[in-house]
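Written out below as structure tokens is the structure these notes cover.
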Amino acid sequence: MSEQLGSGSVQRIARADARQLQALIARHVVAGWSFGGAAQWDFVASQGSKNLRKLDKFAAGAALDLGGDFGQAFSPNAEVRWKRRDDGAYDVLILREEGQAVDDAEPLRWWDSREERWQDYDWRTRGYANAAIVWEDGRRIGYLDYLAPNGAVQFQRLVEVL
């Protein structure tokens with residue numbers, strides 16, 4: 001399995017409304033795939049797997065279903081992840097390899113315990129020629145690893161359905 005090394009960025013908006021989240025997806029992901037569901041606030045045990053939204057393709061400009069507690073939208077351009085907060089707003093992460101600035105976002109930083117302060121970080125990425133996450137229906141999702149300063153995998157950014 002051959003590796004490709006690169007760089008990326010992880011940016012965060014700690015409090016976004018639904019309109020802002022839809023705009024982030026439209027601008028950075030553009031068109032791609034999405035899934036999500038309920039795991040906390042909207043979770044209903046008797047509904048079992050119906051608490052989850054299926055992995056579906058969406059077109060540019062399409063409004064996504066943001067129902068539930070979390071979701072992810074991704075394409076080769078970027079991935080936008082969200083978690084609904086208890087106040088109804090969304091905590092959003094934007095992962096991308098292109099360094100385009102995201103309005104109202106801050107770079108995700110790491111705590112440097114030796115210097116006792118927050119540090120900015122240029123995320124290193126690692127991709128693989130044939131690695132993929134196998135979805136329940138057999139579809140494969142290509143991904144990139146986003147590496148923490150110590151080299152450990154911090155995030156797996158979903159890229160495309162193969």
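The chains in the structure tokens are called A, B, ... from first to last as shown; in each chain the residues are counted from 1, and the ligands are counted from 1 in the order shown.
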Would you mind listing what lies within 10 Å of stretch 118-122 of chain A as number ranges by chain, with only C-alpha atoms counted and same-chain residues fewer than 4 positions away left out? A: 7-10, 99, 106-113, 147-149
Can you write just those residues out, C-alpha atoms, as an mmCIF file, in the first residue's frame?
```cif
data_model
loop_
_atom_site.group_PDB
_atom_site.id
_atom_site.type_symbol
_atom_site.label_atom_id
_atom_site.label_comp_id
_atom_site.auth_asym_id
_atom_site.auth_seq_id
_atom_site.Cartn_x
_atom_site.Cartn_y
_atom_site.Cartn_z
ATOM 1 C CA SER A 7 -0.745 18.990 4.167
ATOM 2 C CA GLY A 8 -4.174 20.200 5.143
ATOM 3 C CA SER A 9 -6.100 22.476 7.426
ATOM 4 C CA VAL A 10 -8.685 21.926 10.124
ATOM 5 C CA GLY A 99 -5.644 26.437 2.327
ATOM 6 C CA GLU A 106 -10.510 29.534 13.630
ATOM 7 C CA PRO A 107 -7.730 27.030 12.996
ATOM 8 C CA LEU A 108 -7.901 23.984 15.223
ATOM 9 C CA ARG A 109 -4.873 24.211 17.506
ATOM 10 C CA TRP A 110 -3.045 21.880 19.863
ATOM 11 C CA TRP A 111 -1.932 22.339 23.454
ATOM 12 C CA ASP A 112 1.845 22.416 23.831
ATOM 13 C CA SER A 113 2.339 21.149 27.395
ATOM 14 C CA LEU A 147 -1.924 13.504 11.665
ATOM 15 C CA ALA A 148 -1.494 15.149 15.066
ATOM 16 C CA PRO A 149 1.874 16.722 15.962
#
```
If you count only C-alpha atoms, which residues fall within 8 Å of stretch 67-80 of chain A, apart from same-chain ones fewer than 3 positions away, as a ChimeraX atom specification? /A:24-25,28-43,51,83-85,92-98,157-160
How about saving the chosen residues, N, CA and C atoms kept, as an mmCIF file, in the first residue's frame?
```cif
data_model
loop_
_atom_site.group_PDB
_atom_site.id
_atom_site.type_symbol
_atom_site.label_atom_id
_atom_site.label_comp_id
_atom_site.auth_asym_id
_atom_site.auth_seq_id
_atom_site.Cartn_x
_atom_site.Cartn_y
_atom_site.Cartn_z
ATOM 1 N N LEU A 24 -21.620 26.813 4.344
ATOM 2 C CA LEU A 24 -20.278 26.219 4.417
ATOM 3 C C LEU A 24 -20.179 24.986 3.519
ATOM 4 N N ILE A 25 -21.189 24.152 3.567
ATOM 5 C CA ILE A 25 -21.201 22.939 2.743
ATOM 6 C C ILE A 25 -21.227 23.314 1.265
ATOM 7 N N HIS A 28 -17.634 24.929 0.341
ATOM 8 C CA HIS A 28 -16.398 24.153 0.462
ATOM 9 C C HIS A 28 -16.513 22.721 -0.044
ATOM 10 N N VAL A 29 -17.609 22.050 0.240
ATOM 11 C CA VAL A 29 -17.798 20.681 -0.248
ATOM 12 C C VAL A 29 -18.338 20.728 -1.676
ATOM 13 N N VAL A 30 -19.229 21.640 -1.944
ATOM 14 C CA VAL A 30 -19.903 21.894 -3.225
ATOM 15 C C VAL A 30 -20.914 20.794 -3.521
ATOM 16 N N ALA A 31 -20.479 19.638 -3.971
ATOM 17 C CA ALA A 31 -21.346 18.483 -4.248
ATOM 18 C C ALA A 31 -20.597 17.249 -3.771
ATOM 19 N N GLY A 32 -21.300 16.260 -3.293
ATOM 20 C CA GLY A 32 -20.620 15.065 -2.795
ATOM 21 C C GLY A 32 -21.584 14.112 -2.124
ATOM 22 N N TRP A 33 -21.207 13.652 -0.935
ATOM 23 C CA TRP A 33 -21.978 12.661 -0.203
ATOM 24 C C TRP A 33 -22.186 13.151 1.224
ATOM 25 N N SER A 34 -23.261 12.686 1.838
ATOM 26 C CA SER A 34 -23.554 13.106 3.210
ATOM 27 C C SER A 34 -24.264 11.982 3.959
ATOM 28 N N PHE A 35 -24.106 12.002 5.260
ATOM 29 C CA PHE A 35 -24.848 11.113 6.158
ATOM 30 C C PHE A 35 -24.911 11.787 7.519
ATOM 31 N N GLY A 36 -25.680 11.242 8.411
ATOM 32 C CA GLY A 36 -25.801 11.816 9.749
ATOM 33 C C GLY A 36 -26.842 11.070 10.544
ATOM 34 N N GLY A 37 -27.323 11.717 11.596
ATOM 35 C CA GLY A 37 -28.356 11.075 12.380
ATOM 36 C C GLY A 37 -28.424 11.559 13.798
ATOM 37 N N ALA A 38 -29.055 10.745 14.596
ATOM 38 C CA ALA A 38 -29.280 11.069 15.995
ATOM 39 C C ALA A 38 -28.544 10.074 16.872
ATOM 40 N N ALA A 39 -27.836 10.604 17.850
ATOM 41 C CA ALA A 39 -27.134 9.764 18.806
ATOM 42 C C ALA A 39 -27.348 10.251 20.224
ATOM 43 N N GLN A 40 -27.939 11.425 20.362
ATOM 44 C CA GLN A 40 -28.102 12.001 21.691
ATOM 45 C C GLN A 40 -29.435 12.715 21.815
ATOM 46 N N TRP A 41 -29.517 13.959 21.341
ATOM 47 C CA TRP A 41 -30.705 14.781 21.553
ATOM 48 C C TRP A 41 -31.949 14.192 20.910
ATOM 49 N N ASP A 42 -31.834 13.720 19.677
ATOM 50 C CA ASP A 42 -32.998 13.222 18.944
ATOM 51 C C ASP A 42 -33.074 11.700 18.901
ATOM 52 N N PHE A 43 -32.209 11.021 19.605
ATOM 53 C CA PHE A 43 -32.162 9.564 19.557
ATOM 54 C C PHE A 43 -33.408 8.949 20.183
ATOM 55 N N ASN A 51 -32.519 5.947 13.294
ATOM 56 C CA ASN A 51 -31.920 7.147 13.868
ATOM 57 C C ASN A 51 -30.800 7.688 12.975
ATOM 58 N N LYS A 83 -21.839 18.826 14.749
ATOM 59 C CA LYS A 83 -22.471 18.229 15.926
ATOM 60 C C LYS A 83 -23.401 19.298 16.480
ATOM 61 N N ARG A 84 -24.649 18.948 16.695
ATOM 62 C CA ARG A 84 -25.576 19.920 17.241
ATOM 63 C C ARG A 84 -25.299 20.131 18.714
ATOM 64 N N ARG A 85 -25.286 21.383 19.102
ATOM 65 C CA ARG A 85 -25.058 21.751 20.497
ATOM 66 C C ARG A 85 -26.384 21.740 21.245
ATOM 67 N N VAL A 92 -18.878 23.060 14.235
ATOM 68 C CA VAL A 92 -18.520 22.627 12.881
ATOM 69 C C VAL A 92 -17.004 22.541 12.712
ATOM 70 N N LEU A 93 -16.557 21.474 12.063
ATOM 71 C CA LEU A 93 -15.160 21.349 11.632
ATOM 72 C C LEU A 93 -15.125 21.309 10.109
ATOM 73 N N ILE A 94 -14.151 22.008 9.535
ATOM 74 C CA ILE A 94 -13.942 21.998 8.093
ATOM 75 C C ILE A 94 -12.536 21.466 7.857
ATOM 76 N N LEU A 95 -12.420 20.339 7.167
ATOM 77 C CA LEU A 95 -11.135 19.719 6.850
ATOM 78 C C LEU A 95 -10.925 19.833 5.347
ATOM 79 N N ARG A 96 -9.767 20.366 4.959
ATOM 80 C CA ARG A 96 -9.487 20.519 3.536
ATOM 81 C C ARG A 96 -7.984 20.581 3.313
ATOM 82 N N GLU A 97 -7.599 20.201 2.106
ATOM 83 C CA GLU A 97 -6.184 20.217 1.770
ATOM 84 C C GLU A 97 -5.786 21.553 1.154
ATOM 85 N N GLU A 98 -6.696 22.230 0.541
ATOM 86 C CA GLU A 98 -6.427 23.554 -0.014
ATOM 87 C C GLU A 98 -6.560 24.553 1.123
ATOM 88 N N ARG A 157 -10.294 12.107 7.144
ATOM 89 C CA ARG A 157 -11.151 12.944 6.321
ATOM 90 C C ARG A 157 -11.690 12.118 5.175
ATOM 91 N N LEU A 158 -13.014 12.019 5.105
ATOM 92 C CA LEU A 158 -13.645 11.289 4.017
ATOM 93 C C LEU A 158 -13.508 12.108 2.746
ATOM 94 N N VAL A 159 -13.208 11.425 1.633
ATOM 95 C CA VAL A 159 -12.901 12.123 0.395
ATOM 96 C C VAL A 159 -13.919 11.824 -0.703
ATOM 97 N N GLU A 160 -14.202 10.548 -0.939
ATOM 98 C CA GLU A 160 -15.119 10.188 -2.022
ATOM 99 C C GLU A 160 -15.607 8.762 -1.857
#
```
Which of stretch 16-120 of chain A end up as strand (DSSP E or B) when DSSP is run on this backbone - answer as JSON, numbers by chain? {"A": [16, 32, 33, 34, 35, 36, 37, 52, 53, 54, 55, 56, 57, 58, 70, 71, 72, 73, 74, 78, 79, 80, 81, 82, 83, 84, 90, 91, 92, 93, 94, 95, 96, 106, 107, 110, 111, 112, 117, 118, 119]}
Expected file: the selected residues, N, CA and C atoms, as a short mmCIF file (atom, residue, chain, number, x, y, z; two decimals), in the first residue's frame:
```cif
data_model
loop_
_atom_site.label_atom_id
_atom_site.label_comp_id
_atom_site.auth_asym_id
_atom_site.auth_seq_id
_atom_site.Cartn_x
_atom_site.Cartn_y
_atom_site.Cartn_z
N ALA A 16 -22.42 27.77 14.85
CA ALA A 16 -22.97 28.13 13.55
C ALA A 16 -24.46 27.82 13.54
N GLY A 32 -21.30 16.26 -3.29
CA GLY A 32 -20.62 15.06 -2.79
C GLY A 32 -21.58 14.11 -2.12
N TRP A 33 -21.21 13.65 -0.93
CA TRP A 33 -21.98 12.66 -0.20
C TRP A 33 -22.19 13.15 1.22
N SER A 34 -23.26 12.69 1.84
CA SER A 34 -23.55 13.11 3.21
C SER A 34 -24.26 11.98 3.96
N PHE A 35 -24.11 12.00 5.26
CA PHE A 35 -24.85 11.11 6.16
C PHE A 35 -24.91 11.79 7.52
N GLY A 36 -25.68 11.24 8.41
CA GLY A 36 -25.80 11.82 9.75
C GLY A 36 -26.84 11.07 10.54
N GLY A 37 -27.32 11.72 11.60
CA GLY A 37 -28.36 11.07 12.38
C GLY A 37 -28.42 11.56 13.80
N LEU A 52 -30.37 6.88 12.01
CA LEU A 52 -29.27 7.28 11.13
C LEU A 52 -29.77 7.56 9.72
N ARG A 53 -29.19 8.60 9.09
CA ARG A 53 -29.48 8.88 7.68
C ARG A 53 -28.48 8.13 6.82
N LYS A 54 -28.95 7.57 5.76
CA LYS A 54 -28.12 6.80 4.84
C LYS A 54 -27.10 7.69 4.14
N LEU A 55 -26.03 7.09 3.70
CA LEU A 55 -25.03 7.76 2.89
C LEU A 55 -25.66 8.04 1.53
N ASP A 56 -25.83 9.34 1.21
CA ASP A 56 -26.47 9.74 -0.05
C ASP A 56 -25.65 10.77 -0.77
N LYS A 57 -25.73 10.72 -2.08
CA LYS A 57 -25.05 11.71 -2.92
C LYS A 57 -25.93 12.96 -2.99
N PHE A 58 -25.30 14.13 -3.05
CA PHE A 58 -26.05 15.37 -3.22
C PHE A 58 -25.40 16.23 -4.29
N PHE A 70 -25.88 15.01 14.51
CA PHE A 70 -24.56 15.11 13.88
C PHE A 70 -24.69 14.82 12.39
N GLY A 71 -23.65 15.17 11.66
CA GLY A 71 -23.61 14.83 10.25
C GLY A 71 -22.26 15.13 9.65
N GLN A 72 -22.07 14.65 8.43
CA GLN A 72 -20.85 14.88 7.67
C GLN A 72 -21.23 15.01 6.21
N ALA A 73 -20.61 15.96 5.53
CA ALA A 73 -20.73 16.13 4.09
C ALA A 73 -19.31 16.17 3.55
N PHE A 74 -19.04 15.47 2.46
CA PHE A 74 -17.67 15.39 1.98
C PHE A 74 -17.60 15.23 0.47
N ALA A 78 -13.39 18.99 0.16
CA ALA A 78 -13.35 19.23 1.61
C ALA A 78 -14.34 18.32 2.31
N GLU A 79 -14.25 18.32 3.63
CA GLU A 79 -15.26 17.66 4.47
C GLU A 79 -15.73 18.66 5.51
N VAL A 80 -17.04 18.72 5.71
CA VAL A 80 -17.63 19.53 6.77
C VAL A 80 -18.33 18.56 7.71
N ARG A 81 -17.97 18.63 9.00
CA ARG A 81 -18.57 17.80 10.05
C ARG A 81 -19.29 18.70 11.02
N TRP A 82 -20.42 18.25 11.53
CA TRP A 82 -21.12 19.06 12.51
C TRP A 82 -21.72 18.21 13.61
N LYS A 83 -21.84 18.83 14.75
CA LYS A 83 -22.47 18.23 15.93
C LYS A 83 -23.40 19.30 16.48
N ARG A 84 -24.65 18.95 16.70
CA ARG A 84 -25.58 19.92 17.24
C ARG A 84 -25.30 20.13 18.71
N TYR A 90 -24.71 24.66 15.87
CA TYR A 90 -23.84 23.56 15.46
C TYR A 90 -22.38 23.89 15.72
N ASP A 91 -21.63 22.91 16.19
CA ASP A 91 -20.18 22.99 16.31
C ASP A 91 -19.65 22.32 15.04
N VAL A 92 -18.88 23.06 14.24
CA VAL A 92 -18.52 22.63 12.88
C VAL A 92 -17.00 22.54 12.71
N LEU A 93 -16.56 21.47 12.06
CA LEU A 93 -15.16 21.35 11.63
C LEU A 93 -15.12 21.31 10.11
N ILE A 94 -14.15 22.01 9.54
CA ILE A 94 -13.94 22.00 8.09
C ILE A 94 -12.54 21.47 7.86
N LEU A 95 -12.42 20.34 7.17
CA LEU A 95 -11.14 19.72 6.85
C LEU A 95 -10.92 19.83 5.35
N ARG A 96 -9.77 20.37 4.96
CA ARG A 96 -9.49 20.52 3.54
C ARG A 96 -7.98 20.58 3.31
N GLU A 106 -11.84 29.45 13.03
CA GLU A 106 -10.51 29.53 13.63
C GLU A 106 -9.78 28.23 13.37
N PRO A 107 -8.47 28.28 13.18
CA PRO A 107 -7.73 27.03 13.00
C PRO A 107 -7.80 26.19 14.27
N TRP A 110 -3.39 22.93 18.90
CA TRP A 110 -3.04 21.88 19.86
C TRP A 110 -2.36 22.51 21.07
N TRP A 111 -2.50 21.86 22.21
CA TRP A 111 -1.93 22.34 23.45
C TRP A 111 -0.51 21.83 23.57
N ASP A 112 0.43 22.75 23.65
CA ASP A 112 1.84 22.42 23.83
C ASP A 112 2.12 22.42 25.34
N ARG A 117 1.02 26.52 26.23
CA ARG A 117 0.23 27.46 25.44
C ARG A 117 -0.30 26.74 24.20
N TRP A 118 -1.36 27.35 23.61
CA TRP A 118 -1.91 26.82 22.38
C TRP A 118 -0.99 27.13 21.22
N GLN A 119 -0.85 26.18 20.30
CA GLN A 119 0.00 26.34 19.14
C GLN A 119 -0.83 26.12 17.87
#
```
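Interatomic distance, atom CA of A:Tyr128 against atom CA of A:Gln154: 16.1 Å.
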